[in-house]
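File shown here: input.cif, holding mmCIF, C-alpha atoms.
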data_coords
loop_
_atom_site.label_atom_id
_atom_site.label_comp_id
_atom_site.auth_asym_id
_atom_site.auth_seq_id
_atom_site.Cartn_x
_atom_site.Cartn_y
_atom_site.Cartn_z
CA MET A 1 15.82 -2.50 18.68
CA SER A 2 16.25 -6.24 18.24
CA SER A 3 18.27 -7.98 15.54
CA ILE A 4 14.99 -9.51 14.39
CA LEU A 5 13.78 -6.05 13.35
CA VAL A 6 17.06 -5.43 11.54
CA GLN A 7 16.43 -8.61 9.56
CA ASP A 8 12.86 -7.49 8.93
CA LEU A 9 14.10 -4.16 7.56
CA ILE A 10 16.49 -5.88 5.18
CA GLU A 11 13.91 -8.44 4.04
CA ALA A 12 11.42 -5.62 3.38
CA GLY A 13 13.98 -3.87 1.18
CA VAL A 14 14.05 -0.75 3.36
CA HIS A 15 17.72 -0.26 2.44
CA TYR A 16 17.10 0.10 -1.31
CA GLY A 17 17.28 3.73 -2.43
CA HIS A 18 16.81 5.33 -5.83
CA ARG A 19 19.20 5.31 -8.74
CA ALA A 20 22.40 7.14 -7.85
CA SER A 21 21.69 9.70 -10.59
CA ARG A 22 18.50 10.79 -8.79
CA TRP A 23 19.93 11.31 -5.32
CA ASN A 24 19.84 14.42 -3.16
CA PRO A 25 23.42 15.07 -1.95
CA LYS A 26 22.05 16.04 1.48
CA MET A 27 21.20 12.35 1.96
CA ARG A 28 24.90 11.44 1.91
CA PRO A 29 25.12 10.81 5.70
CA TYR A 30 22.38 8.19 5.42
CA ILE A 31 23.83 6.25 2.49
CA TYR A 32 26.00 3.16 2.98
CA GLY A 33 27.14 2.85 -0.63
CA ARG A 34 25.88 1.91 -4.05
CA HIS A 35 25.18 -1.33 -5.88
CA ASN A 36 24.42 -1.55 -9.61
CA GLN A 37 23.94 2.23 -9.70
CA ILE A 38 21.38 2.04 -6.88
CA HIS A 39 22.12 3.78 -3.61
CA VAL A 40 22.02 1.53 -0.54
CA ILE A 41 20.69 3.16 2.63
CA ASN A 42 22.53 2.57 5.89
CA VAL A 43 20.12 0.47 7.98
CA ARG A 44 21.82 1.72 11.15
CA GLU A 45 20.56 5.19 10.26
CA THR A 46 17.07 3.80 9.63
CA ILE A 47 17.09 2.22 13.09
CA ARG A 48 18.39 5.41 14.68
CA GLY A 49 15.55 7.36 13.03
CA LEU A 50 12.96 4.82 14.14
CA LEU A 51 14.14 4.89 17.76
CA ARG A 52 14.04 8.69 17.88
CA ALA A 53 10.60 8.73 16.27
CA ARG A 54 9.26 6.08 18.67
CA LYS A 55 10.45 7.99 21.72
CA TYR A 56 9.01 11.26 20.46
CA LEU A 57 5.66 9.78 19.42
CA GLN A 58 5.20 8.08 22.78
CA GLN A 59 5.84 11.38 24.58
CA VAL A 60 3.49 13.30 22.29
CA VAL A 61 0.63 10.82 22.59
CA ALA A 62 1.15 10.40 26.34
CA SER A 63 0.58 14.16 26.68
CA GLY A 64 -2.77 13.83 24.90
CA SER A 65 -1.74 15.32 21.54
CA LEU A 66 -2.76 14.22 18.05
CA VAL A 67 -0.63 12.59 15.35
CA LEU A 68 -1.65 13.05 11.71
CA PHE A 69 -0.58 10.30 9.29
CA VAL A 70 -0.02 11.43 5.69
CA GLY A 71 0.68 9.31 2.60
CA THR A 72 -1.14 9.76 -0.71
CA LYS A 73 1.12 7.86 -3.11
CA ARG A 74 -0.41 4.70 -4.50
CA GLN A 75 1.81 2.35 -2.46
CA ALA A 76 1.02 4.13 0.83
CA THR A 77 -2.71 4.90 0.63
CA GLU A 78 -4.13 1.68 2.06
CA ILE A 79 -1.35 1.29 4.63
CA ILE A 80 -1.76 4.82 5.99
CA GLU A 81 -5.51 4.42 6.34
CA ARG A 82 -5.28 1.02 8.03
CA GLN A 83 -2.45 1.82 10.45
CA ALA A 84 -3.80 5.26 11.43
CA THR A 85 -7.20 3.70 12.07
CA ARG A 86 -5.59 0.94 14.12
CA CYS A 87 -3.95 3.44 16.45
CA GLY A 88 -6.92 5.81 16.47
CA MET A 89 -5.33 8.82 14.78
CA PRO A 90 -6.45 11.04 11.86
CA PHE A 91 -5.01 10.51 8.40
CA VAL A 92 -4.78 11.81 4.84
CA SER A 93 -4.46 8.97 2.34
CA GLU A 94 -6.07 10.23 -0.88
CA ARG A 95 -5.30 13.91 -1.44
CA TRP A 96 -3.82 16.67 0.67
CA LEU A 97 -6.35 19.48 0.66
CA GLY A 98 -4.73 22.91 0.70
CA GLY A 99 -5.32 24.52 4.09
CA THR A 100 -5.72 21.25 6.01
CA LEU A 101 -3.49 22.76 8.71
CA THR A 102 -3.42 26.47 7.84
CA ASN A 103 -7.14 26.93 7.15
CA ALA A 104 -8.81 24.56 9.60
CA ARG A 105 -12.13 26.44 9.53
CA THR A 106 -12.65 25.62 5.85
CA ILE A 107 -11.85 21.96 6.48
CA ARG A 108 -14.34 21.87 9.37
CA ASN A 109 -17.00 23.40 7.10
CA ARG A 110 -16.35 20.70 4.50
CA LEU A 111 -16.60 18.02 7.17
CA GLY A 112 -19.92 19.55 8.19
CA ARG A 113 -21.10 19.24 4.60
CA LEU A 114 -19.97 15.60 4.53
CA GLU A 115 -22.04 14.87 7.64
CA GLU A 116 -25.04 16.65 6.07
CA LEU A 117 -24.77 14.44 2.99
CA GLU A 118 -24.50 11.30 5.12
CA ALA A 119 -27.60 12.24 7.10
CA LEU A 120 -29.50 13.10 3.90
CA ARG A 121 -28.60 9.81 2.16
CA GLU A 122 -29.87 7.84 5.16
CA SER A 123 -33.15 9.78 5.45
CA ASP A 124 -36.50 9.21 3.75
CA GLU A 125 -36.16 12.64 2.17
CA PHE A 126 -33.44 11.37 -0.18
CA SER A 127 -35.92 9.24 -2.14
CA LEU A 128 -37.94 12.36 -2.95
CA TYR A 129 -35.09 13.77 -5.04
CA SER A 130 -34.92 13.10 -8.77
CA LYS A 131 -32.61 10.31 -9.98
CA LYS A 132 -30.30 12.94 -11.47
CA MET A 133 -30.07 14.86 -8.18
CA GLN A 134 -29.51 11.65 -6.22
CA SER A 135 -26.67 10.73 -8.57
CA SER A 136 -25.13 14.19 -8.18
CA LEU A 137 -25.35 14.06 -4.38
CA ASN A 138 -23.90 10.55 -4.29
CA ARG A 139 -21.01 11.69 -6.46
CA GLU A 140 -20.35 14.67 -4.16
CA TYR A 141 -20.51 12.39 -1.13
CA ARG A 142 -18.05 9.84 -2.51
CA LYS A 143 -15.52 12.53 -3.40
CA MET A 144 -15.80 14.25 -0.02
CA TYR A 145 -15.65 10.93 1.83
CA ARG A 146 -12.42 9.94 0.05
CA ASN A 147 -10.73 13.24 0.85
CA LEU A 148 -12.12 14.00 4.31
CA ASN A 149 -13.07 10.80 6.11
CA GLY A 150 -9.67 10.47 7.78
CA LEU A 151 -9.84 14.01 9.16
CA ARG A 152 -13.00 13.57 11.25
CA THR A 153 -11.04 13.33 14.50
CA LEU A 154 -8.72 16.23 13.65
CA ASN A 155 -10.49 18.60 16.05
CA ARG A 156 -7.33 20.59 16.82
CA ASP A 157 -3.84 21.06 15.42
CA PRO A 158 -1.78 17.87 15.51
CA GLU A 159 1.51 17.92 17.40
CA VAL A 160 3.25 15.90 14.70
CA LEU A 161 2.83 14.70 11.11
CA VAL A 162 3.99 11.21 10.13
CA ILE A 163 4.71 11.35 6.39
CA VAL A 164 5.55 8.86 3.66
CA ASP A 165 7.69 10.57 1.00
CA PRO A 166 7.96 14.28 1.90
CA LYS A 167 8.88 15.08 -1.70
CA LYS A 168 5.45 13.88 -2.78
CA GLU A 169 3.80 15.51 0.24
CA LYS A 170 5.62 18.84 -0.05
CA ASN A 171 2.43 20.84 0.57
CA ALA A 172 1.83 19.01 3.84
CA VAL A 173 5.44 19.69 4.88
CA LEU A 174 5.13 23.41 4.04
CA GLU A 175 1.92 23.77 6.05
CA ALA A 176 3.49 21.94 9.00
CA GLN A 177 6.46 24.31 8.89
CA LYS A 178 4.15 27.34 8.86
CA LYS A 179 2.35 26.02 11.95
CA ASN A 180 5.54 24.87 13.71
CA ILE A 181 4.28 21.28 13.71
CA THR A 182 6.93 18.56 14.03
CA THR A 183 7.44 16.26 11.05
CA ILE A 184 8.50 12.61 11.06
CA ALA A 185 9.03 11.13 7.61
CA LEU A 186 10.14 8.04 5.74
CA ILE A 187 12.63 9.64 3.34
CA ASP A 188 14.27 8.04 0.32
CA THR A 189 17.60 9.04 -1.25
CA ASN A 190 15.95 11.64 -3.50
CA CYS A 191 14.51 13.65 -0.57
CA ASP A 192 15.82 16.67 1.33
CA PRO A 193 16.30 15.61 4.98
CA ASP A 194 16.70 19.25 6.06
CA GLN A 195 12.96 19.74 5.51
CA ILE A 196 12.10 17.08 8.12
CA ASP A 197 12.55 17.25 11.90
CA LEU A 198 12.90 13.50 12.47
CA PRO A 199 13.89 11.75 9.24
CA ILE A 200 13.75 7.97 8.89
CA PRO A 201 15.88 7.05 5.86
CA GLY A 202 14.38 4.18 3.91
CA ASN A 203 12.68 2.95 0.77
CA ASP A 204 9.47 4.94 0.35
CA ASP A 205 8.33 3.12 -2.82
CA SER A 206 8.12 -0.47 -1.59
CA ILE A 207 4.81 -1.54 -0.04
CA ARG A 208 6.63 -3.90 2.35
CA SER A 209 9.00 -1.14 3.45
CA ILE A 210 6.19 1.38 4.01
CA GLU A 211 4.12 -1.21 5.87
CA LEU A 212 6.96 -2.10 8.23
CA ILE A 213 7.89 1.49 9.07
CA ILE A 214 4.35 2.86 9.43
CA SER A 215 3.15 -0.12 11.49
CA TYR A 216 6.11 0.40 13.83
CA LEU A 217 5.21 4.08 14.24
CA ALA A 218 1.54 3.17 14.81
CA ASP A 219 2.71 0.76 17.53
CA SER A 220 4.59 3.68 19.11
CA VAL A 221 1.36 5.70 19.20
CA LEU A 222 -0.42 2.77 20.90
CA LEU A 223 2.35 2.58 23.50
CA GLY A 224 1.82 6.27 24.24
CA LYS A 225 -1.90 5.64 24.67
CA LYS A 226 -1.19 2.78 27.07
CA ALA A 227 0.90 5.16 29.17
CA VAL A 228 -2.10 7.52 29.37
CA GLU A 229 -4.38 4.66 30.42
CA ALA A 230 -1.90 3.45 33.04
CA LYS A 231 -1.60 6.96 34.48
CA ALA A 232 -5.40 7.34 34.60
CA ALA A 233 -5.74 4.01 36.41
CA GLU A 234 -3.35 5.05 39.19
#
Show the structure stored in the file as structure tokens.
Amino acid sequence: MSSILVQDLIEAGVHYGHRASRWNPKMRPYIYGRHNQIHVINVRETIRGLLRARKYLQQVVASGSLVLFVGTKRQATEIIERQATRCGMPFVSERWLGGTLTNARTIRNRLGRLEELEALRESDEFSLYSKKMQSSLNREYRKMYRNLNGLRTLNRDPEVLVIVDPKKEKNAVLEAQKKNITTIALIDTNCDPDQIDLPIPGNDDSIRSIELIISYLADSVLLGKKAVEAKAAE
């Protein structure tokens, strides 16, 4: 991890936590101190978490497994979608649907319905429906697309979830635990690190902070894919 990245972390405000009054005491090992009643996260711990996550993600992807990116808070939505798409992995960026991991059959059925709607909207048959029915179908399509589009490539259980703010995504964390799926998460000072397998302490409210961390993890996935390609070429 170069000193340039350390500077990037600081410039992105990754070290800024929440107000000291809102902290989770279990985050104590990751906190450097406080400034103006705001907890300051130890960037060394952020780097340690990133290095562990990078190593693990490369191994997982090199073995052919899936990584599911999850982040539905306003600051994370666009970043999660863009970075997961860049590294070719499934994502949830709008709403975590109950049963995404624990009831995969239902999710597959909903994806089937989404594909039906797409085919219908592109066919000549769609124009035969009344304006009211067309509007209703379009509304159903838009809602399903928002919630399910990122899950199209989730054709089996992921090996790991990459999460922004596990407190916000508590349902995703619980489902991962039930399925014994590893979790990597960007955790702020108000989170419980014991709920996460590979925590990365850092600011989970700043767009710049989320962008930096998630893009780094997406790069790790791409490195794992390159290892697969290199092995196949031998």
task = Apply the PyMOL selection byres ((chain A and resi 138) around 12) to the structure shown and report the selected residues as a list in words.
result =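 Selection result, ordered by chain and number: Leu114, Leu117, Glu118, Leu120, Arg121, Glu122, Phe126, Tyr129, Lys131, Lys132, Met133, Gln134, Ser135, Ser136, Leu137, Arg139, Glu140, Tyr141, Arg142, Lys143, Met144 and Tyr145 of chain A.
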request  = Record the distance separating CA of Asn171 (chain A) and CA of Trp23 (chain A), expressed in Å with one decimal.
outcome  = 20.8 Å
task = Determine the nearest neighbour of Ile187 (chain A) from the options A:Leu111, A:Ala227, A:Ile31, A:Val160, counting all atoms listed in the file.
result = A:Ile31
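Using all atoms listed in the file, the nearest neighbour of Asn103 (chain A) within the list A:Ile38, A:Leu161, A:Arg156, A:Ser21 is A:Arg156.
Using the PyMOL selection byres ((chain A and resi 93-95) around 8) on the file at hand returns these residues: Val70, Gly71, Thr72, Lys73, Ala76, Thr77, Glu78, Ile80, Glu81, Phe91, Val92, Trp96, Leu97, Arg146, Asn147 and Gly150 of chain A.
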Would you export the selected residues with C-alpha atoms as a PDB file, keeping the file's coordinate frame, please?
ATOM      1  CA  VAL A  70      -0.020  11.430   5.690  1.00  0.00           C
ATOM      2  CA  GLY A  71       0.680   9.310   2.600  1.00  0.00           C
ATOM      3  CA  THR A  72      -1.140   9.760  -0.710  1.00  0.00           C
ATOM      4  CA  LYS A  73       1.120   7.860  -3.110  1.00  0.00           C
ATOM      5  CA  ALA A  76       1.020   4.130   0.830  1.00  0.00           C
ATOM      6  CA  THR A  77      -2.710   4.900   0.630  1.00  0.00           C
ATOM      7  CA  GLU A  78      -4.130   1.680   2.060  1.00  0.00           C
ATOM      8  CA  ILE A  80      -1.760   4.820   5.990  1.00  0.00           C
ATOM      9  CA  GLU A  81      -5.510   4.420   6.340  1.00  0.00           C
ATOM     10  CA  PHE A  91      -5.010  10.510   8.400  1.00  0.00           C
ATOM     11  CA  VAL A  92      -4.780  11.810   4.840  1.00  0.00           C
ATOM     12  CA  TRP A  96      -3.820  16.670   0.670  1.00  0.00           C
ATOM     13  CA  LEU A  97      -6.350  19.480   0.660  1.00  0.00           C
ATOM     14  CA  ARG A 146     -12.420   9.940   0.050  1.00  0.00           C
ATOM     15  CA  ASN A 147     -10.730  13.240   0.850  1.00  0.00           C
ATOM     16  CA  GLY A 150      -9.670  10.470   7.780  1.00  0.00           C
TER      17      GLY A 150
END
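Neighbouring residues of Gln195 (chain A) at 12 Å or closer, counting all atoms listed in the file and skipping chain neighbours under 5 positions away, are Lys26, Met27, Ile163, Asp165, Pro166, Lys167, Glu169, Lys170, Asn171, Ala172, Val173, Leu174, Glu175, Ala176, Gln177, Thr182, Thr183, Ile184, Ala185 and Ile187 of chain A.
With distances taken over all atoms listed in the file, A:Glu45 is the one residue among A:Asp192, A:Glu234, A:Glu125, A:Glu45 lying closest to Tyr32 (chain A).
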